[in-house]
Amino acid sequence: MITESGKYKPEVVEPKWQKYWFENQMFKAEDFSEKPKMYVLDMFPYPSGAGLHVGHPEGYTATDIVCRFKRMQGFNVLHPMGWDAFGLPAEQYAVETGTHPSITTKNNINNFRSQIQSLGFSYDWSREINTTDPNYYKWTQWIFLKLHKKGLAYLDEIPVNWCPALGTVLANEEVIDGKSERGAHPVIRRPMKQWMLKITEYAERLLNDVEELDWPEGIKEMQRNWIGKSTGAEVDFKLAKSSNIIRVFTTRPDTLFGATYMVLAPEHPLVGIITAPDKKNDVSAYKKLAAKKSDMDRTELNTEKTGVFTGSYAINPVSNDEIPIWISDYVMMGYGTGAIMAVPAHDTRDFEFARKFGIKIKAIIRPDENEANKENIEINDVLSGNACWTGNGVLIDSANETGLDINNLSVNDSKRTTIEWLKNSGLGKKTVNYKLRDWLFSRQRYWGEPFPVVHMDDGEIRLINENNLPVSLPEIDDFKPLGTGESPLAKAQEWLEYTDPDTGQKGKRETHTMPQWAGSCWYYLRYIDPDNNLEAWDKAKEKYWMPVDLYVGGAEHAVLHLLYARFWHKVLYDLGLVSTNEPFQKLVNQGMILGTSYKDSRGALARTDLVKEEDGKFYHIETEEELVEFPAKMSKALRNVVNPDDVIAEYGADSFRLYEMFMGPLEAVKPWNTKGVEGLRRFLQRSWRMIIDEDGEIAKNINDEELDKEQLRILHATIKKVTKDLETLNINTAISQLMIFLNAFSKYKTTNCGAIEIYVKLLSPLVPHFAEELWQRLGHNQSIAYEPWPTYNEEMTKENEVEILVQLKGKPKARIMMPADISKEDMEKMAMENESVRGIIGGSTVTKIICVPGRLINIISG
RNA sequence: GCCCGGGUGGCGGAAUGGCAGACGCAACGGACUUAAAAUCCGUUGACCGCAAGGUCGUGGGGGUUCGAGUCCCCCCCCGGGUACCA
C-alpha cells in the first residue's frame, strides 16, 4: 500500500518549509559576527505588472544556492531583496487609468514578493527595501546634496534626447538607434535646461579601477569602450585671413604634415564667423539639412560623405600651407573640439571625403612593407594618393624650417616628437579625450525622486537642508505630461510654491525628477542598515559588510547601472562615507533563457499557437509548411513566454530550481524545455524513493552497516565535486554528480544512513524544501540550513586499481588494470610483460614509450 | 567595420594536452499491467561488417605534439555590444 506520507508531494512540502523558515526568521543576517561575512546580492527587479519571468529566478536560484552553501560552511551571509520601483510603466498606467503609481507599484510588489517567496529563496526579508519609499528616497536625495556640494551636479542648457511620446528626456545610454530604450519611441535633439552629474571627472578612475575587479572580461571591456579614452594632442590652426583660431583634437599628431583640409561640425560656433559671404547660402542650407538629419533615425546611416566649403582657409601650423575649411556632419560637435584636421592619406573617413570633393591627398607615411602586403595594399598607391594607409610605417616629407623633422621616424616616435615641438612652439599640447559624457540626470516625470532643490525667484538655486528631507512627491491626480519639457509636478501648485520660512523669499521647487538609475546606485548600501532613520547607513556596519562579494544579474546592465553605481560609490568613498573603492568585487551575468519558437524556410518565426506537431515534426497550421524548432527570446508576440507559477504548480519549486541550474552554465544563453523539468522531477522522485519507502518509513535497506570501498569512493568523490562546483558556480555539473551518486546508491542492497544524510545535505542548497523534509524524516528536529557542510577525504576518492589504456602509435589497443599509484617505470614494465600488449607490438621495434600514470601508455614502434 | 562571446550526437550539455559525448532530455527494445500511465532493465555519434573488428568524427583548412575539442596561424557561420569618436 502506498500511503500519502510515502509520496513526494512538493505541493505539501514546499509551503510547509517556507512557512517554517519565515516564522523562525531563519535567514536573518547578523550585523557583526565571529563568522566570516559574505554579502551576496541579486540585481533587484523592477516590479512590473507582468510578474516574474523564468529569467528572473535563474540568477536568484544561483545566489540562493551559494548562500545556503556558505551558511553551512559557517559564513554569516547577507542576502537581501528589494524593489527598484520608480519607473515609467506605472506612470503611463496612471496616465491611462488614473490609478496612482504608488498603488500600482504596491500591488506589483506584493505579487512579485509572493512569486519570489514561492521559490523558497533564503532572503533576509527584514531588510526589504523599496526605492519609492520616502524613507528610502530621502537618502537618495541626501546623496544628491552630497554630489552637489562636491560640485558634481550642475544645471546646463544642452541639446538633449527629447522623447515626445514619453514626454521626457533620456540619457544617451537610454537611446538606442534613435529610439527610446523603453517603448522604442522616436527621440529628437532639443536644447533644454537639465541637471547633469559630472561623471567625466571620474572617467580616469572608473577606467583604471576596472582592472582590479573580478568581473567577466566582456563586461569590463564594454565599460572601457564606453569610457572610450584616447590619447592625442590638441592643435591650434590659425585662420589665413582673420585672428580666429580653430582648435582640433587628433590622435595622430604625427600626420600633421598630411593635413590638407579641415572640417568643422555644422553646429561649431565658428562656422557663422568664418563663412565667406559668397558661401553663406550653401552653408546655411547645409546646416539646416544636418539639423534635420540628426533628428532622423540614426540606423539609416548614410556612409556617403556630404559637406560644403566655407570659403575660408586655415594655416597648417607645421607646413604653413593654406588649407580649405569645410563643414560636414561626419564631424560631431559632441566629441573632442567639434573640429578636425583632415589627413586624407591616412584616415579612411577623410580619404572618402577628399576623394568625393577632389581635395588634395598628400601621403606622408611610407607603409610598412609586411603590413601592406598582408592588407593587400600597394605602397605606390598610397604614395600617389590613390589608397589610404592607417597602419604603421615610416614618415616622409615631414620636416619644416622651424625645427620639426620627423622624417624616417616610426609612427609612435613621430607622435612623441611632434607633440614636443607643438608644446615648445605654443601651438598645442598632449591631451586625453573621453567618449564618456556627463550624466544627464533630469527626467520630466512624476514617478521618480524629487530633487531637493528650489529655484528662488531671484535666480538663486537653493538646496533643501538635510534635516528637511525627504522632499516628498505631492499627491496629484492628473499624470499627463505637459509636453513642454516640464514634468507633471508642475501641476502641483501648492507643492510647487516655496516660501523661505525665515526671510519670506519665494521660489519654485524643481519639477524634474531623478532617473530610475538613482535608486539603484546605492541600494546595496541601504540593505546594510535599512531601518536607520538618522543616517543612510551606519559606518561600522558598512565596514563590516562591504564590499559585495558576489553580484549576479543580467548583462543588459553592463554599462548603465554598473557604471553609474561605481561612480556614486567612488564619490561616497572620497567623502569618507564608504570604506571600499569599488562596490561589487565579483560580478556574474546570468545568460538569457530563451523560449521555443519555430522557423520557416525563409527564417521567419511563427507564433507558437500557430504551430502543430505531427510525428515529431512541426507544421504551420495555416500554410502547412514544415517548421524547425528554433530558440528565440520569449515574447508576448511569439506566445512563447513560460510563466514560473505554472511550472511550480505542476512540478514544484525544487524541480524548477534544479532544472534552471541543470540547463547549462549560468552565464550561457539557453533554451527552455519543459520536458527537462520532468527529468529533474524524476530525479527528486527517485532520490525520495531511495530514502522513504511506500509507507512513509525510512527505507529498510538504510542501516548502520559500514560502507564498502567503492561506496566510500563514490561518496567522497561526490562531496568533493559538489563542494568545488558550488564554489565556482558550476551548478550544472554538481547536479550531474549527485545523479551519479543516486544511480550508484539506489542499486546497493544496503546503504549506510550516514552516507544518505550526507547526500541530503549536499542536495539541500539546491532543493531546500525537499532536503528539509527528508532531514526531518531522518529524525532531526533542527533545520538542515545550518548543518555543517560535509567534508571529504582525498584518499577516499581514489581507486586502488585503475584501467590503463594501451595505445600503439596513438591508437587504443588494449586495457590493463594497474595499481592507481604505480610509477612510470613499473607501468612500462607491467605493460611490456603483458601478453596481449606483446601481441599488439608483434615483431616491430619499440622506439619510445610514453607513460601517463593513471591514464595511458602510448607505445611508438617503427 | 571594430570589440567581446560562442560553434561538440536528434536536443540541453560534459571533458587539468591523455579512452570525445559524463549527466539529463528525446527515441527505440524489453519487464510489470487486461490496457495505458507511472516505474524498472537495456540500447542509442556516423559509416562498413554475420561477427571479431575496422574507418570516420568536436564549424572548415593548415601547424605544433607520441597524442589536440583543448595550444598556434588562416578562414566561415551564429549571438551580443558598439558605431563617421578624429
# chains A, B, ... in the order shown; residues from 1 in each chain; ligands from 1
$ select_by_dssp --residues "region 555-685 of chain A" --states "alpha helix (DSSP H)" --output "ChimeraX atom specification"
/A:560-574,644-651,653-662,674-685
$ residues_around --residues "region 616-626 of chain A" --least-positions-apart "3" --cutoff "9 Å" --atoms "only C-alpha atoms (C1' of nucleotides)" --output "PDB file with N, CA, C and O atoms, in the first residue's frame"
ATOM      1  N   TYR A 598       9.443  28.535 -33.705  1.00  0.00           N
ATOM      2  CA  TYR A 598       9.515  27.699 -34.903  1.00  0.00           C
ATOM      3  C   TYR A 598       9.791  28.580 -36.108  1.00  0.00           C
ATOM      4  O   TYR A 598       9.186  29.641 -36.277  1.00  0.00           O
ATOM      5  N   LYS A 599      10.700  28.115 -36.942  1.00  0.00           N
ATOM      6  CA  LYS A 599      11.185  28.927 -38.051  1.00  0.00           C
ATOM      7  C   LYS A 599      10.786  28.271 -39.364  1.00  0.00           C
ATOM      8  O   LYS A 599      10.874  27.050 -39.504  1.00  0.00           O
ATOM      9  N   ASP A 600      10.343  29.081 -40.333  1.00  0.00           N
ATOM     10  CA  ASP A 600      10.056  28.511 -41.652  1.00  0.00           C
ATOM     11  C   ASP A 600      11.286  28.647 -42.546  1.00  0.00           C
ATOM     12  O   ASP A 600      12.339  29.111 -42.116  1.00  0.00           O
ATOM     13  N   SER A 601      11.137  28.237 -43.794  1.00  0.00           N
ATOM     14  CA  SER A 601      12.307  28.174 -44.673  1.00  0.00           C
ATOM     15  C   SER A 601      12.902  29.556 -44.948  1.00  0.00           C
ATOM     16  O   SER A 601      14.071  29.673 -45.294  1.00  0.00           O
ATOM     17  N   ALA A 606       7.319  31.684 -36.371  1.00  0.00           N
ATOM     18  CA  ALA A 606       5.870  31.556 -36.308  1.00  0.00           C
ATOM     19  C   ALA A 606       5.425  31.621 -34.851  1.00  0.00           C
ATOM     20  O   ALA A 606       6.131  31.177 -33.952  1.00  0.00           O
ATOM     21  N   ASP A 609       1.271  29.439 -31.028  1.00  0.00           N
ATOM     22  CA  ASP A 609      -0.103  28.926 -31.090  1.00  0.00           C
ATOM     23  C   ASP A 609      -0.539  28.645 -32.534  1.00  0.00           C
ATOM     24  O   ASP A 609      -1.650  28.174 -32.762  1.00  0.00           O
ATOM     25  N   LEU A 610       0.335  28.908 -33.499  1.00  0.00           N
ATOM     26  CA  LEU A 610       0.001  28.598 -34.891  1.00  0.00           C
ATOM     27  C   LEU A 610       0.811  27.411 -35.395  1.00  0.00           C
ATOM     28  O   LEU A 610       0.941  27.179 -36.595  1.00  0.00           O
ATOM     29  N   VAL A 611       1.357  26.645 -34.444  1.00  0.00           N
ATOM     30  CA  VAL A 611       2.203  25.519 -34.820  1.00  0.00           C
ATOM     31  C   VAL A 611       1.579  24.234 -34.297  1.00  0.00           C
ATOM     32  O   VAL A 611       1.088  24.182 -33.182  1.00  0.00           O
ATOM     33  N   LYS A 612       1.545  23.213 -35.152  1.00  0.00           N
ATOM     34  CA  LYS A 612       1.065  21.915 -34.676  1.00  0.00           C
ATOM     35  C   LYS A 612       2.160  20.879 -34.852  1.00  0.00           C
ATOM     36  O   LYS A 612       3.036  21.015 -35.702  1.00  0.00           O
ATOM     37  N   GLU A 613       2.106  19.838 -34.004  1.00  0.00           N
ATOM     38  CA  GLU A 613       3.126  18.809 -34.041  1.00  0.00           C
ATOM     39  C   GLU A 613       2.509  17.525 -34.577  1.00  0.00           C
ATOM     40  O   GLU A 613       1.428  17.123 -34.168  1.00  0.00           O
ATOM     41  N   GLU A 629      12.271  23.673 -35.097  1.00  0.00           N
ATOM     42  CA  GLU A 629      12.346  24.271 -33.778  1.00  0.00           C
ATOM     43  C   GLU A 629      13.527  25.220 -33.729  1.00  0.00           C
ATOM     44  O   GLU A 629      14.596  24.915 -34.274  1.00  0.00           O
TER      45      GLU A 629
END
$ interface_residues --of "chain B" --to "chain A" --cutoff "10 Å" --atoms "only C-alpha atoms (C1' of nucleotides)" --output "PDB file with C-alpha atoms (C1' of nucleotides), in the first residue's frame"
ATOM      1  C1'   C B   3      35.285  44.871 -29.775  1.00  0.00           C
ATOM      2  C1'   C B   4      33.533  40.721 -26.873  1.00  0.00           C
ATOM      3  C1'   G B   5      31.203  35.690 -26.524  1.00  0.00           C
ATOM      4  C1'   G B   6      30.281  31.061 -28.987  1.00  0.00           C
ATOM      5  C1'   C B  11      18.244  18.161 -28.265  1.00  0.00           C
ATOM      6  C1'   G B  12      20.447  20.682 -23.418  1.00  0.00           C
ATOM      7  C1'   G B  13      25.254  19.988 -22.371  1.00  0.00           C
ATOM      8  C1'   A B  14      30.402  17.108 -20.004  1.00  0.00           C
ATOM      9  C1'   G B  18      45.774  11.820 -22.416  1.00  0.00           C
ATOM     10  C1'   C B  19      39.876   6.416 -23.963  1.00  0.00           C
ATOM     11  C1'   A B  22      29.748  12.426 -18.281  1.00  0.00           C
ATOM     12  C1'   C B  23      24.729  13.719 -16.639  1.00  0.00           C
ATOM     13  C1'   G B  24      19.864  14.725 -18.442  1.00  0.00           C
ATOM     14  C1'   C B  25      16.021  15.007 -22.381  1.00  0.00           C
ATOM     15  C1'   A B  26      14.073  12.556 -26.594  1.00  0.00           C
ATOM     16  C1'   U B  39       8.088   2.543 -12.556  1.00  0.00           C
ATOM     17  C1'   C B  66      53.989  10.445 -29.066  1.00  0.00           C
ATOM     18  C1'   G B  67      48.918  12.391 -28.500  1.00  0.00           C
ATOM     19  C1'   G B  79      24.829  35.585 -30.790  1.00  0.00           C
ATOM     20  C1'   G B  80      25.770  40.205 -28.071  1.00  0.00           C
ATOM     21  C1'   G B  81      27.830  45.177 -27.774  1.00  0.00           C
ATOM     22  C1'   U B  82      29.228  49.498 -30.466  1.00  0.00           C
ATOM     23  C1'   A B  83      29.474  52.723 -34.391  1.00  0.00           C
ATOM     24  C1'   C B  84      31.589  58.700 -39.076  1.00  0.00           C
ATOM     25  C1'   C B  85      34.809  59.133 -31.516  1.00  0.00           C
ATOM     26  C1'   A B  86      39.047  62.360 -35.214  1.00  0.00           C
TER      27        A B  86
END
$ select_by_dssp --residues "region 355-589 of chain A" --states "strand (DSSP E or B)" --output "number ranges by chain"
A: 365-367, 393-395, 399, 405, 410, 428-434, 439-440, 443, 450, 453-456, 461-463, 497-499, 506-509, 513, 548, 550-554, 584, 586-589
$ residues_around --residues "Pro768 (chain A)" --least-positions-apart "3" --cutoff "9 Å" --atoms "only C-alpha atoms (C1' of nucleotides)" --output "list of chain:residue names"
A:Glu14, A:Trp17, A:Ile65, A:Arg68, A:Gly120, A:Phe121, A:Asp654, A:Leu763, A:Ser764, A:Pro765, A:Ala771, A:Glu772, A:Glu773, A:Ile784, A:Ala785
$ closest_residue --among "A:Thr260, A:Thr255, A:Ser442, A:Ser398" --to "Trp517 (chain A)" --atoms "only C-alpha atoms"
A:Ser442
$ atom_distance --atom1 "CA of Ser319 (chain A)" --atom2 "CA of Leu383 (chain A)"
18.3 Å
$ residues_around --residues "Lys508 (chain A)" --least-positions-apart "2" --cutoff "7 Å" --atoms "only C-alpha atoms (C1' of nucleotides)" --output "number ranges by chain"
A: 454-456, 496-498, 510
$ write_last_selection --atoms "N, CA, C and O atoms" --output "CSV table (one decimal), in the first residue's frame"
chain,number,residue,atom,x,y,z
A,454,VAL,N,15.3,74.2,-4.8
A,454,VAL,CA,14.3,75.2,-5.1
A,454,VAL,C,15.0,76.3,-5.9
A,454,VAL,O,16.1,76.7,-5.7
A,455,HIS,N,14.2,76.7,-7.0
A,455,HIS,CA,14.7,77.8,-7.8
A,455,HIS,C,14.1,79.1,-7.2
A,455,HIS,O,12.9,79.3,-7.4
A,456,MET,N,14.9,79.9,-6.6
A,456,MET,CA,14.3,81.1,-6.0
A,456,MET,C,14.0,82.1,-7.1
A,456,MET,O,14.6,82.1,-8.1
A,496,LEU,N,4.5,73.2,-5.4
A,496,LEU,CA,5.5,73.9,-6.2
A,496,LEU,C,6.0,75.2,-5.5
A,496,LEU,O,7.2,75.5,-5.6
A,497,GLU,N,5.0,75.9,-5.0
A,497,GLU,CA,5.4,77.2,-4.4
A,497,GLU,C,6.2,77.1,-3.1
A,497,GLU,O,5.7,76.3,-2.2
A,498,TYR,N,7.3,77.7,-3.0
A,498,TYR,CA,8.1,77.6,-1.8
A,498,TYR,C,8.3,79.0,-1.2
A,498,TYR,O,8.5,80.0,-2.0
A,510,GLU,N,12.0,72.5,-7.9
A,510,GLU,CA,12.5,71.8,-9.1
A,510,GLU,C,11.4,70.8,-9.5
A,510,GLU,O,10.9,70.0,-8.6
$ residues_around --residues "region 361-369 of chain A" --least-positions-apart "4" --cutoff "8 Å" --atoms "only C-alpha atoms (C1' of nucleotides)" --output "ChimeraX atom specification"
/A:255,257-260,343-346,351,354,373,379,382-385,389,391-398
$ write_last_selection --atoms "N, CA and C atoms" --output "PDB file, in the first residue's frame"
ATOM      1  N   THR A 255      50.678  62.939 -38.209  1.00  0.00           N
ATOM      2  CA  THR A 255      50.262  63.118 -39.607  1.00  0.00           C
ATOM      3  C   THR A 255      49.988  64.584 -39.954  1.00  0.00           C
ATOM      4  N   PHE A 257      51.682  66.945 -41.175  1.00  0.00           N
ATOM      5  CA  PHE A 257      52.139  67.396 -42.493  1.00  0.00           C
ATOM      6  C   PHE A 257      51.204  66.934 -43.612  1.00  0.00           C
ATOM      7  N   GLY A 258      50.382  65.949 -43.312  1.00  0.00           N
ATOM      8  CA  GLY A 258      49.452  65.449 -44.329  1.00  0.00           C
ATOM      9  C   GLY A 258      48.073  66.074 -44.230  1.00  0.00           C
ATOM     10  N   ALA A 259      47.895  67.034 -43.304  1.00  0.00           N
ATOM     11  CA  ALA A 259      46.582  67.672 -43.136  1.00  0.00           C
ATOM     12  C   ALA A 259      46.360  68.649 -44.284  1.00  0.00           C
ATOM     13  N   THR A 260      45.467  68.287 -45.199  1.00  0.00           N
ATOM     14  CA  THR A 260      45.276  69.120 -46.391  1.00  0.00           C
ATOM     15  C   THR A 260      43.963  69.900 -46.356  1.00  0.00           C
ATOM     16  N   VAL A 343      43.335  64.362 -42.639  1.00  0.00           N
ATOM     17  CA  VAL A 343      44.533  63.797 -43.263  1.00  0.00           C
ATOM     18  C   VAL A 343      44.071  62.675 -44.188  1.00  0.00           C
ATOM     19  N   PRO A 344      43.639  63.013 -45.388  1.00  0.00           N
ATOM     20  CA  PRO A 344      43.004  62.023 -46.245  1.00  0.00           C
ATOM     21  C   PRO A 344      43.892  60.825 -46.584  1.00  0.00           C
ATOM     22  N   ALA A 345      45.201  61.028 -46.619  1.00  0.00           N
ATOM     23  CA  ALA A 345      46.070  59.905 -46.991  1.00  0.00           C
ATOM     24  C   ALA A 345      46.097  58.836 -45.907  1.00  0.00           C
ATOM     25  N   HIS A 346      45.759  59.229 -44.672  1.00  0.00           N
ATOM     26  CA  HIS A 346      45.942  58.289 -43.565  1.00  0.00           C
ATOM     27  C   HIS A 346      44.748  58.193 -42.628  1.00  0.00           C
ATOM     28  N   PHE A 351      39.734  60.286 -46.264  1.00  0.00           N
ATOM     29  CA  PHE A 351      40.061  59.833 -47.618  1.00  0.00           C
ATOM     30  C   PHE A 351      38.806  59.826 -48.500  1.00  0.00           C
ATOM     31  N   ALA A 354      37.744  63.462 -49.185  1.00  0.00           N
ATOM     32  CA  ALA A 354      38.641  64.159 -50.112  1.00  0.00           C
ATOM     33  C   ALA A 354      38.443  63.652 -51.539  1.00  0.00           C
ATOM     34  N   ASN A 373      51.558  44.285 -47.410  1.00  0.00           N
ATOM     35  CA  ASN A 373      51.319  43.026 -48.127  1.00  0.00           C
ATOM     36  C   ASN A 373      50.146  42.271 -47.534  1.00  0.00           C
ATOM     37  N   ILE A 379      51.998  49.857 -51.994  1.00  0.00           N
ATOM     38  CA  ILE A 379      52.662  51.020 -51.384  1.00  0.00           C
ATOM     39  C   ILE A 379      52.600  52.229 -52.315  1.00  0.00           C
ATOM     40  N   VAL A 382      49.451  54.222 -52.173  1.00  0.00           N
ATOM     41  CA  VAL A 382      49.388  55.105 -51.012  1.00  0.00           C
ATOM     42  C   VAL A 382      50.195  56.362 -51.291  1.00  0.00           C
ATOM     43  N   LEU A 383      51.397  56.188 -51.804  1.00  0.00           N
ATOM     44  CA  LEU A 383      52.278  57.331 -52.029  1.00  0.00           C
ATOM     45  C   LEU A 383      51.712  58.291 -53.068  1.00  0.00           C
ATOM     46  N   SER A 384      50.932  57.738 -54.029  1.00  0.00           N
ATOM     47  CA  SER A 384      50.379  58.609 -55.067  1.00  0.00           C
ATOM     48  C   SER A 384      48.991  59.138 -54.687  1.00  0.00           C
ATOM     49  N   GLY A 385      48.545  58.818 -53.487  1.00  0.00           N
ATOM     50  CA  GLY A 385      47.252  59.341 -53.055  1.00  0.00           C
ATOM     51  C   GLY A 385      46.069  58.563 -53.577  1.00  0.00           C
ATOM     52  N   TRP A 389      46.231  54.713 -46.053  1.00  0.00           N
ATOM     53  CA  TRP A 389      47.006  53.845 -45.164  1.00  0.00           C
ATOM     54  C   TRP A 389      46.936  54.350 -43.736  1.00  0.00           C
ATOM     55  N   GLY A 391      47.963  52.318 -41.097  1.00  0.00           N
ATOM     56  CA  GLY A 391      48.811  51.477 -40.258  1.00  0.00           C
ATOM     57  C   GLY A 391      50.180  52.088 -39.991  1.00  0.00           C
ATOM     58  N   ASN A 392      51.108  51.188 -39.635  1.00  0.00           N
ATOM     59  CA  ASN A 392      52.468  51.625 -39.311  1.00  0.00           C
ATOM     60  C   ASN A 392      53.269  51.935 -40.561  1.00  0.00           C
ATOM     61  N   GLY A 393      54.399  52.569 -40.358  1.00  0.00           N
ATOM     62  CA  GLY A 393      55.271  52.889 -41.469  1.00  0.00           C
ATOM     63  C   GLY A 393      56.306  53.916 -41.055  1.00  0.00           C
ATOM     64  N   VAL A 394      56.912  54.513 -42.049  1.00  0.00           N
ATOM     65  CA  VAL A 394      57.986  55.479 -41.813  1.00  0.00           C
ATOM     66  C   VAL A 394      57.559  56.827 -42.384  1.00  0.00           C
ATOM     67  N   LEU A 395      57.788  57.890 -41.624  1.00  0.00           N
ATOM     68  CA  LEU A 395      57.366  59.220 -42.047  1.00  0.00           C
ATOM     69  C   LEU A 395      58.234  59.733 -43.194  1.00  0.00           C
ATOM     70  N   ILE A 396      57.589  60.409 -44.155  1.00  0.00           N
ATOM     71  CA  ILE A 396      58.298  61.035 -45.278  1.00  0.00           C
ATOM     72  C   ILE A 396      57.749  62.446 -45.481  1.00  0.00           C
ATOM     73  N   ASP A 397      58.510  63.295 -46.168  1.00  0.00           N
ATOM     74  CA  ASP A 397      58.064  64.663 -46.478  1.00  0.00           C
ATOM     75  C   ASP A 397      57.536  65.382 -45.240  1.00  0.00           C
ATOM     76  N   SER A 398      58.133  65.145 -44.111  1.00  0.00           N
ATOM     77  CA  SER A 398      57.612  65.718 -42.870  1.00  0.00           C
ATOM     78  C   SER A 398      58.699  66.464 -42.108  1.00  0.00           C
TER      79      SER A 398
END
$ residues_around --residues "U44 (chain B)" --least-positions-apart "5" --cutoff "10 Å" --atoms "only C-alpha atoms (C1' of nucleotides)" --output "MDAnalysis selection string"
chainID B and resid 9 27:28
$ closest_residue --among "A:Ile227, A:Val552, A:Val54, A:Ala755" --to "Asn208 (chain A)" --atoms "only C-alpha atoms"
A:Ile227
$ residues_around --residues "region 703-720 of chain A" --least-positions-apart "3" --cutoff "12 Å" --atoms "only C-alpha atoms (C1' of nucleotides)" --output "PyMOL selection string"
chain A and resi 691+698-700+723-727+733-763+778+789-801
